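The next block is work-v4.cif, given as mmCIF, C-alpha atoms and all ligand atoms.
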```cif
data_coords
#
loop_
_atom_site.group_PDB
_atom_site.id
_atom_site.type_symbol
_atom_site.label_atom_id
_atom_site.label_comp_id
_atom_site.auth_asym_id
_atom_site.auth_seq_id
_atom_site.Cartn_x
_atom_site.Cartn_y
_atom_site.Cartn_z
ATOM 1 C CA MET A 67 -17.556 10.892 -15.062
ATOM 2 C CA GLU A 68 -19.051 9.261 -12.028
ATOM 3 C CA LEU A 69 -16.641 6.796 -10.458
ATOM 4 C CA SER A 70 -18.274 4.169 -8.270
ATOM 5 C CA PHE A 71 -15.979 1.818 -6.427
ATOM 6 C CA VAL A 72 -15.432 0.310 -3.009
ATOM 7 C CA VAL A 73 -12.777 1.884 -0.804
ATOM 8 C CA ASN A 74 -11.709 0.043 2.311
ATOM 9 C CA GLY A 75 -14.980 -1.865 2.269
ATOM 10 C CA THR A 76 -17.238 1.165 1.799
ATOM 11 C CA PRO A 77 -19.021 1.899 -1.505
ATOM 12 C CA ARG A 78 -18.061 5.376 -2.766
ATOM 13 C CA SER A 79 -19.169 7.480 -5.735
ATOM 14 C CA VAL A 80 -17.042 10.416 -6.841
ATOM 15 C CA ASP A 81 -17.304 12.788 -9.789
ATOM 16 C CA VAL A 82 -13.863 12.634 -11.461
ATOM 17 C CA ASP A 83 -12.148 14.063 -14.520
ATOM 18 C CA ALA A 84 -10.941 11.655 -17.199
ATOM 19 C CA ALA A 85 -7.326 12.629 -16.536
ATOM 20 C CA GLU A 86 -7.427 12.116 -12.775
ATOM 21 C CA THR A 87 -5.335 9.439 -11.138
ATOM 22 C CA LEU A 88 -6.480 7.095 -8.432
ATOM 23 C CA LEU A 89 -3.926 8.717 -6.128
ATOM 24 C CA GLY A 90 -5.498 12.130 -6.663
ATOM 25 C CA VAL A 91 -8.997 10.839 -6.014
ATOM 26 C CA LEU A 92 -7.954 9.058 -2.829
ATOM 27 C CA ARG A 93 -5.957 11.953 -1.395
ATOM 28 C CA ASP A 94 -7.708 15.053 -2.672
ATOM 29 C CA ARG A 95 -11.331 13.995 -2.900
ATOM 30 C CA LEU A 96 -11.671 11.269 -0.285
ATOM 31 C CA ARG A 97 -9.050 12.792 2.059
ATOM 32 C CA LEU A 98 -7.319 9.440 2.469
ATOM 33 C CA THR A 99 -3.889 11.022 2.823
ATOM 34 C CA GLY A 100 -2.153 7.931 4.176
ATOM 35 C CA THR A 101 -1.254 7.046 0.585
ATOM 36 C CA LYS A 102 1.727 9.220 -0.308
ATOM 37 C CA GLU A 103 2.747 11.071 -3.438
ATOM 38 C CA GLY A 104 6.465 10.640 -4.077
ATOM 39 C CA CYS A 105 7.885 10.528 -7.596
ATOM 40 C CA ASN A 106 4.487 10.651 -9.336
ATOM 41 C CA GLU A 107 6.065 8.556 -12.102
ATOM 42 C CA GLY A 108 5.507 4.962 -11.002
ATOM 43 C CA GLU A 109 9.043 4.559 -9.675
ATOM 44 C CA CYS A 110 9.066 4.861 -5.880
ATOM 45 C CA GLY A 111 6.061 2.880 -4.623
ATOM 46 C CA ALA A 112 5.016 5.483 -2.038
ATOM 47 C CA CYS A 113 1.559 5.630 -3.638
ATOM 48 C CA THR A 114 0.947 1.867 -3.628
ATOM 49 C CA VAL A 115 -2.629 0.744 -2.948
ATOM 50 C CA LEU A 116 -4.373 -2.562 -3.562
ATOM 51 C CA VAL A 117 -6.881 -2.819 -6.406
ATOM 52 C CA ASP A 118 -8.835 -6.061 -6.181
ATOM 53 C CA GLY A 119 -6.038 -7.282 -3.923
ATOM 54 C CA LEU A 120 -3.133 -6.467 -6.225
ATOM 55 C CA PRO A 121 -0.599 -3.679 -5.590
ATOM 56 C CA VAL A 122 -0.683 -0.804 -8.072
ATOM 57 C CA ASP A 123 1.111 2.532 -8.275
ATOM 58 C CA SER A 124 -1.900 4.771 -7.839
ATOM 59 C CA CYS A 125 -0.018 7.800 -9.250
ATOM 60 C CA ILE A 126 -0.094 6.258 -12.719
ATOM 61 C CA TYR A 127 -3.409 4.388 -12.387
ATOM 62 C CA ALA A 128 -6.297 6.144 -14.076
ATOM 63 C CA ALA A 129 -9.076 6.739 -11.575
ATOM 64 C CA GLY A 130 -11.656 5.554 -14.075
ATOM 65 C CA ALA A 131 -9.983 2.143 -14.243
ATOM 66 C CA ALA A 132 -11.001 1.581 -10.619
ATOM 67 C CA ALA A 133 -14.715 1.622 -11.506
ATOM 68 C CA GLY A 134 -16.468 -1.320 -9.916
ATOM 69 C CA ARG A 135 -13.312 -2.485 -8.176
ATOM 70 C CA GLY A 136 -12.261 -2.780 -4.557
ATOM 71 C CA VAL A 137 -9.479 -0.478 -3.403
ATOM 72 C CA GLU A 138 -7.593 -0.872 -0.136
ATOM 73 C CA THR A 139 -5.390 1.874 1.285
ATOM 74 C CA VAL A 140 -3.175 1.921 4.339
ATOM 75 C CA GLU A 141 -6.098 3.354 6.334
ATOM 76 C CA GLY A 142 -8.114 0.214 5.619
ATOM 77 C CA LEU A 143 -5.154 -2.048 6.241
ATOM 78 C CA THR A 144 -4.738 -0.526 9.695
ATOM 79 C CA ARG A 145 -8.074 -2.189 10.522
ATOM 80 C CA ASP A 146 -6.988 -5.447 8.874
ATOM 81 C CA GLU A 147 -5.526 -8.068 11.247
ATOM 82 C CA LEU A 148 -2.537 -8.807 9.028
ATOM 83 C CA GLY A 149 -2.006 -5.163 8.155
ATOM 84 C CA ALA A 150 -2.087 -4.138 11.813
ATOM 85 C CA ALA A 151 0.345 -6.905 12.802
ATOM 86 C CA LEU A 152 2.717 -5.891 10.045
ATOM 87 C CA GLN A 153 2.610 -2.232 11.037
ATOM 88 C CA ALA A 154 3.359 -3.099 14.659
ATOM 89 C CA ALA A 155 6.265 -5.294 13.554
ATOM 90 C CA LEU A 156 7.650 -2.504 11.361
ATOM 91 C CA VAL A 157 7.646 -0.123 14.303
ATOM 92 C CA ALA A 158 9.218 -2.693 16.633
ATOM 93 C CA ALA A 159 11.958 -3.582 14.127
ATOM 94 C CA GLY A 160 12.885 0.022 13.345
ATOM 95 C CA GLY A 161 11.448 -0.331 9.866
ATOM 96 C CA VAL A 162 9.718 3.033 10.174
ATOM 97 C CA GLN A 163 11.984 6.063 10.285
ATOM 98 C CA CYS A 164 10.705 9.146 8.445
ATOM 99 C CA GLY A 165 7.686 6.993 7.555
ATOM 100 C CA PHE A 166 7.016 8.483 4.139
ATOM 101 C CA CYS A 167 7.516 5.164 2.369
ATOM 102 C CA THR A 168 5.761 3.085 5.017
ATOM 103 C CA PRO A 169 2.186 3.058 3.629
ATOM 104 C CA GLY A 170 3.496 1.759 0.313
ATOM 105 C CA PHE A 171 5.569 -0.928 2.005
ATOM 106 C CA VAL A 172 2.656 -2.000 4.206
ATOM 107 C CA THR A 173 0.368 -2.247 1.216
ATOM 108 C CA THR A 174 2.802 -4.238 -0.916
ATOM 109 C CA LEU A 175 3.688 -6.547 1.955
ATOM 110 C CA VAL A 176 0.088 -7.287 2.879
ATOM 111 C CA ALA A 177 -0.443 -8.490 -0.683
ATOM 112 C CA VAL A 178 2.690 -10.650 -0.432
ATOM 113 C CA LEU A 179 1.655 -12.187 2.890
ATOM 114 C CA ARG A 180 -1.904 -12.844 1.763
ATOM 115 C CA GLU A 181 -0.490 -14.794 -1.167
ATOM 116 C CA ASP A 182 2.193 -16.655 0.800
ATOM 117 C CA ALA A 183 2.016 -16.958 4.593
ATOM 118 C CA ALA A 184 5.753 -17.616 4.851
ATOM 119 C CA PRO A 185 7.640 -16.051 1.938
ATOM 120 C CA SER A 186 11.392 -16.460 1.647
ATOM 121 C CA GLU A 187 13.608 -13.427 2.234
ATOM 122 C CA ASP A 188 14.471 -13.436 -1.462
ATOM 123 C CA ALA A 189 10.774 -13.388 -2.356
ATOM 124 C CA VAL A 190 10.150 -10.493 0.030
ATOM 125 C CA ARG A 191 13.052 -8.476 -1.352
ATOM 126 C CA GLU A 192 11.928 -9.189 -4.915
ATOM 127 C CA ALA A 193 8.360 -8.111 -4.127
ATOM 128 C CA LEU A 194 9.722 -4.881 -2.666
ATOM 129 C CA ALA A 195 11.772 -4.022 -5.755
ATOM 130 C CA GLY A 196 9.299 -1.275 -6.638
ATOM 131 C CA ASN A 197 9.251 0.322 -3.182
ATOM 132 C CA ILE A 198 12.021 2.766 -2.348
ATOM 133 C CA CYS A 199 13.058 3.659 1.200
ATOM 134 C CA ARG A 200 15.732 6.255 1.726
ATOM 135 C CA CYS A 201 16.079 5.748 5.475
ATOM 136 C CA THR A 202 16.152 2.161 6.667
ATOM 137 C CA GLY A 203 18.435 0.219 4.351
ATOM 138 C CA TYR A 204 15.580 -2.308 3.986
ATOM 139 C CA SER A 205 16.930 -4.906 6.439
ATOM 140 C CA GLN A 206 14.648 -3.747 9.248
ATOM 141 C CA ILE A 207 11.687 -3.995 6.898
ATOM 142 C CA VAL A 208 12.623 -7.539 5.912
ATOM 143 C CA ASP A 209 13.080 -8.340 9.625
ATOM 144 C CA ALA A 210 9.589 -7.024 10.312
ATOM 145 C CA VAL A 211 8.138 -9.360 7.711
ATOM 146 C CA ALA A 212 9.937 -12.294 9.350
ATOM 147 C CA ALA A 213 8.579 -11.236 12.761
ATOM 148 C CA THR A 214 5.063 -10.972 11.348
ATOM 149 C CA VAL A 215 5.328 -14.424 9.822
ATOM 150 C CA ALA A 216 6.674 -15.862 13.079
ATOM 151 C CA GLY A 217 3.918 -14.198 15.091
ATOM 152 C CA ARG A 218 1.205 -15.553 12.821
ATOM 153 C CA ASN A 219 2.642 -19.031 12.954
ATOM 154 C CA GLY A 220 2.881 -18.906 16.759
ATOM 155 C CA ARG A 221 6.654 -19.175 16.726
HETATM 156 S S1 LIG B 301 4.429 8.360 -6.258
HETATM 157 FE FE1 LIG B 301 3.660 6.674 -7.368
HETATM 158 S S2 LIG B 301 5.363 5.403 -7.710
HETATM 159 FE FE2 LIG B 301 6.190 7.187 -6.782
HETATM 160 S S1 LIG B 302 11.416 5.383 6.417
HETATM 161 FE FE1 LIG B 302 12.026 7.195 5.356
HETATM 162 S S2 LIG B 302 11.865 6.700 3.252
HETATM 163 FE FE2 LIG B 302 11.492 4.839 4.303
#
```

Can you present the structure in this file as structure tokens?
Ligand code: FES
Ligand code: FES
Amino acid sequence: MELSFVVNGTPRSVDVDAAETLLGVLRDRLRLTGTKEGCNEGECGACTVLVDGLPVDSCIYAAGAAAGRGVETVEGLTRDELGAALQAALVAAGGVQCGFCTPGFVTTLVAVLREDAAPSEDAVREALAGNICRCTGYSQIVDAVAATVAGRNGR
């Protein structure tokens, strides 16, 4: 089937198989390898992308379901003001170590911060329940969100 959707603001059309996942289309066909394949079972969040602004595990999201929708990956969010600020804060706070989980965290957190410009720590931790990081212990990531919020509010 022909899949037509918008990826990081650019209309794309790709010939896909019915069984293909959005993750496979992004990585293998569009060469957007910033989105990572971890568990491939919807458990780790490494493959998180935004579909019409909402985080989804692209490893268990049928590519065909993205037809007509807008998809944002970490590559697009690098060009997004909020996404870029968050990535810089993650680096500064030590929230990026091996980095494998980072695209998924960035993607989830951009959605959180678009919805609420100053989320509580509890809300941030709850939103991150589906994103696993084996390196940081999470505190540095939560600190980076606080720094991003402070920077955006001029504090
Ligand atoms: S690779 Fe998709 S949730 Fe782990
Ligand atoms: S930085 Fe290594 S898994 Fe998160």

**Report entry** Site check for ligand LIG 301 (chain B): residues at most 7 Å away, only C-alpha atoms and all ligand atoms, as a count of residues only
**Finding:** 17

Query raised in the report: Counting all atoms listed in the file, which of A:Arg95, A:Arg180, A:Arg200, A:Arg78 gets nearest to Ala133 of chain A?
Result: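 Of all the options, A:Arg78 lies closest to Ala133 of chain A.
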
Query raised in the report: Neighbours of Pro169 of chain A within 10 Å (only C-alpha atoms; same-chain residues fewer than 5 positions away dropped), as a PyMOL selection string?
Result: chain A and resi 100-102+111-115+139-141+143-144+153+162+174-175

Query raised in the report: For ligand LIG 302 (chain B), which residue out of A:Gly170, A:Gly165, A:Gly203, A:Gly160 is the nearest one, using only C-alpha atoms and all ligand atoms?
Result: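 Selected residue with least distance to ligand LIG 302 (chain B): A:Gly165.
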
Query raised in the report: Applied to this file, what does the PyMOL selection byres (((chain A and resi 207) around 10) and not hetatm) return in terms of residues, put as a ChimeraX atom specification?
Result: /A:152,155-157,159-162,168,171-172,175,190-191,194,199,202-206,208-213

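Across the model, the gap from atom CA of Ala216 of chain A to atom CA of Asp188 of chain A is 16.7 Å.
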
**Report entry** Gap from atom CA of Gly119 of chain A to atom CA of Leu69 of chain A - Å, one decimal
**Finding:** 18.8 Å

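A straight line drawn from atom CA of Leu96 of chain A to atom CA of Val72 of chain A is 11.9 Å long.
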
Requested in this report: Choose the residue, out of A:Ala85, A:Val117, A:Val176, A:Leu92, that has the smallest atom-to-atom separation from Thr214 of chain A; count only C-alpha atoms.
Outcome: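 The shortest atom-to-atom distance to Thr214 of chain A comes from A:Val176.
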
Go ahead and fit an axis-aligned box to every listed atom of segment 181-189 of chain A plus 3 Å each side, and pass me the centre and edge lengths in Å, one decimal, as JSON.
```
{"center_x": 7.0, "center_y": -15.5, "center_z": 1.2, "size_x": 21.0, "size_y": 10.2, "size_z": 13.2}
```

Report task. Considering all atoms listed in the file, state which residue in the set A:Ala183, A:Ala193, A:Cys167, A:Ala150 is at the smallest distance from ligand LIG 302 (chain B). Result -> A:Cys167

Query raised in the report: Which of these, A:Thr173, A:Asn197, A:Ala128, A:Phe166, has the shortest distance to ligand LIG 302 (chain B) once you count all atoms listed in the file?
Result: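 So, comparing all the options, the nearest one is A:Phe166.
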
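Candidate residues A:Leu148, A:Tyr127, A:Gln163, A:Arg135 were compared for distance to Gly90 of chain A, and the nearest is A:Tyr127, using all atoms listed in the file.
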
Have segment 80-91 of chain A completed to all heavy atoms, please, and pass it along as a short mmCIF file (atom, residue, chain, number, x, y, z; two decimals), keeping the file's coordinate frame.
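In the end it all went to result_7.cif:
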```cif
data_model
loop_
_atom_site.label_atom_id
_atom_site.label_comp_id
_atom_site.auth_asym_id
_atom_site.auth_seq_id
_atom_site.Cartn_x
_atom_site.Cartn_y
_atom_site.Cartn_z
N VAL A 80 -17.74 9.13 -6.75
CA VAL A 80 -17.04 10.42 -6.84
C VAL A 80 -17.10 10.90 -8.27
O VAL A 80 -16.94 10.10 -9.21
CB VAL A 80 -15.55 10.26 -6.43
CG1 VAL A 80 -14.88 11.63 -6.31
CG2 VAL A 80 -15.39 9.47 -5.16
N ASP A 81 -17.33 12.20 -8.46
CA ASP A 81 -17.30 12.79 -9.79
C ASP A 81 -15.85 13.10 -10.13
O ASP A 81 -15.21 13.90 -9.44
CB ASP A 81 -18.15 14.07 -9.78
CG ASP A 81 -18.52 14.49 -11.17
OD1 ASP A 81 -18.54 13.63 -12.06
OD2 ASP A 81 -18.79 15.69 -11.37
N VAL A 82 -15.29 12.44 -11.15
CA VAL A 82 -13.86 12.63 -11.46
C VAL A 82 -13.69 13.07 -12.90
O VAL A 82 -14.54 12.84 -13.76
CB VAL A 82 -13.05 11.33 -11.22
CG1 VAL A 82 -13.20 10.86 -9.79
CG2 VAL A 82 -13.45 10.23 -12.20
N ASP A 83 -12.53 13.71 -13.15
CA ASP A 83 -12.15 14.06 -14.52
C ASP A 83 -11.46 12.86 -15.16
O ASP A 83 -10.85 12.05 -14.47
CB ASP A 83 -11.17 15.25 -14.51
CG ASP A 83 -11.80 16.49 -13.93
OD1 ASP A 83 -13.04 16.64 -14.06
OD2 ASP A 83 -11.08 17.29 -13.32
N ALA A 84 -11.53 12.79 -16.49
CA ALA A 84 -10.94 11.66 -17.20
C ALA A 84 -9.44 11.52 -16.92
O ALA A 84 -8.90 10.43 -16.91
CB ALA A 84 -11.19 11.79 -18.69
N ALA A 85 -8.78 12.66 -16.69
CA ALA A 85 -7.33 12.63 -16.54
C ALA A 85 -6.89 12.36 -15.10
O ALA A 85 -5.69 12.23 -14.83
CB ALA A 85 -6.72 13.95 -16.99
N GLU A 86 -7.82 12.27 -14.18
CA GLU A 86 -7.43 12.12 -12.78
C GLU A 86 -6.86 10.74 -12.49
O GLU A 86 -7.29 9.73 -13.06
CB GLU A 86 -8.63 12.35 -11.85
CG GLU A 86 -8.70 13.78 -11.38
CD GLU A 86 -9.82 13.99 -10.38
OE1 GLU A 86 -10.95 14.21 -10.80
OE2 GLU A 86 -9.53 13.94 -9.17
N THR A 87 -5.91 10.72 -11.56
CA THR A 87 -5.34 9.44 -11.14
C THR A 87 -6.06 8.95 -9.89
O THR A 87 -6.71 9.72 -9.17
CB THR A 87 -3.85 9.58 -10.80
OG1 THR A 87 -3.71 10.45 -9.66
CG2 THR A 87 -3.06 10.11 -11.98
N LEU A 88 -5.90 7.66 -9.65
CA LEU A 88 -6.48 7.10 -8.43
C LEU A 88 -5.87 7.76 -7.21
O LEU A 88 -6.58 8.04 -6.23
CB LEU A 88 -6.23 5.58 -8.42
CG LEU A 88 -6.75 4.80 -7.23
CD1 LEU A 88 -8.25 4.99 -7.03
CD2 LEU A 88 -6.40 3.31 -7.38
N LEU A 89 -4.58 8.05 -7.26
CA LEU A 89 -3.93 8.72 -6.13
C LEU A 89 -4.60 10.05 -5.83
O LEU A 89 -4.89 10.37 -4.67
CB LEU A 89 -2.44 8.95 -6.44
CG LEU A 89 -1.65 9.73 -5.38
CD1 LEU A 89 -1.61 8.98 -4.07
CD2 LEU A 89 -0.24 10.03 -5.88
N GLY A 90 -4.86 10.84 -6.87
CA GLY A 90 -5.50 12.13 -6.66
C GLY A 90 -6.89 12.00 -6.07
O GLY A 90 -7.27 12.76 -5.18
N VAL A 91 -7.64 11.03 -6.54
CA VAL A 91 -9.00 10.84 -6.01
C VAL A 91 -8.94 10.44 -4.54
O VAL A 91 -9.68 10.96 -3.70
CB VAL A 91 -9.75 9.78 -6.85
CG1 VAL A 91 -11.07 9.40 -6.17
CG2 VAL A 91 -10.01 10.32 -8.24
#
```
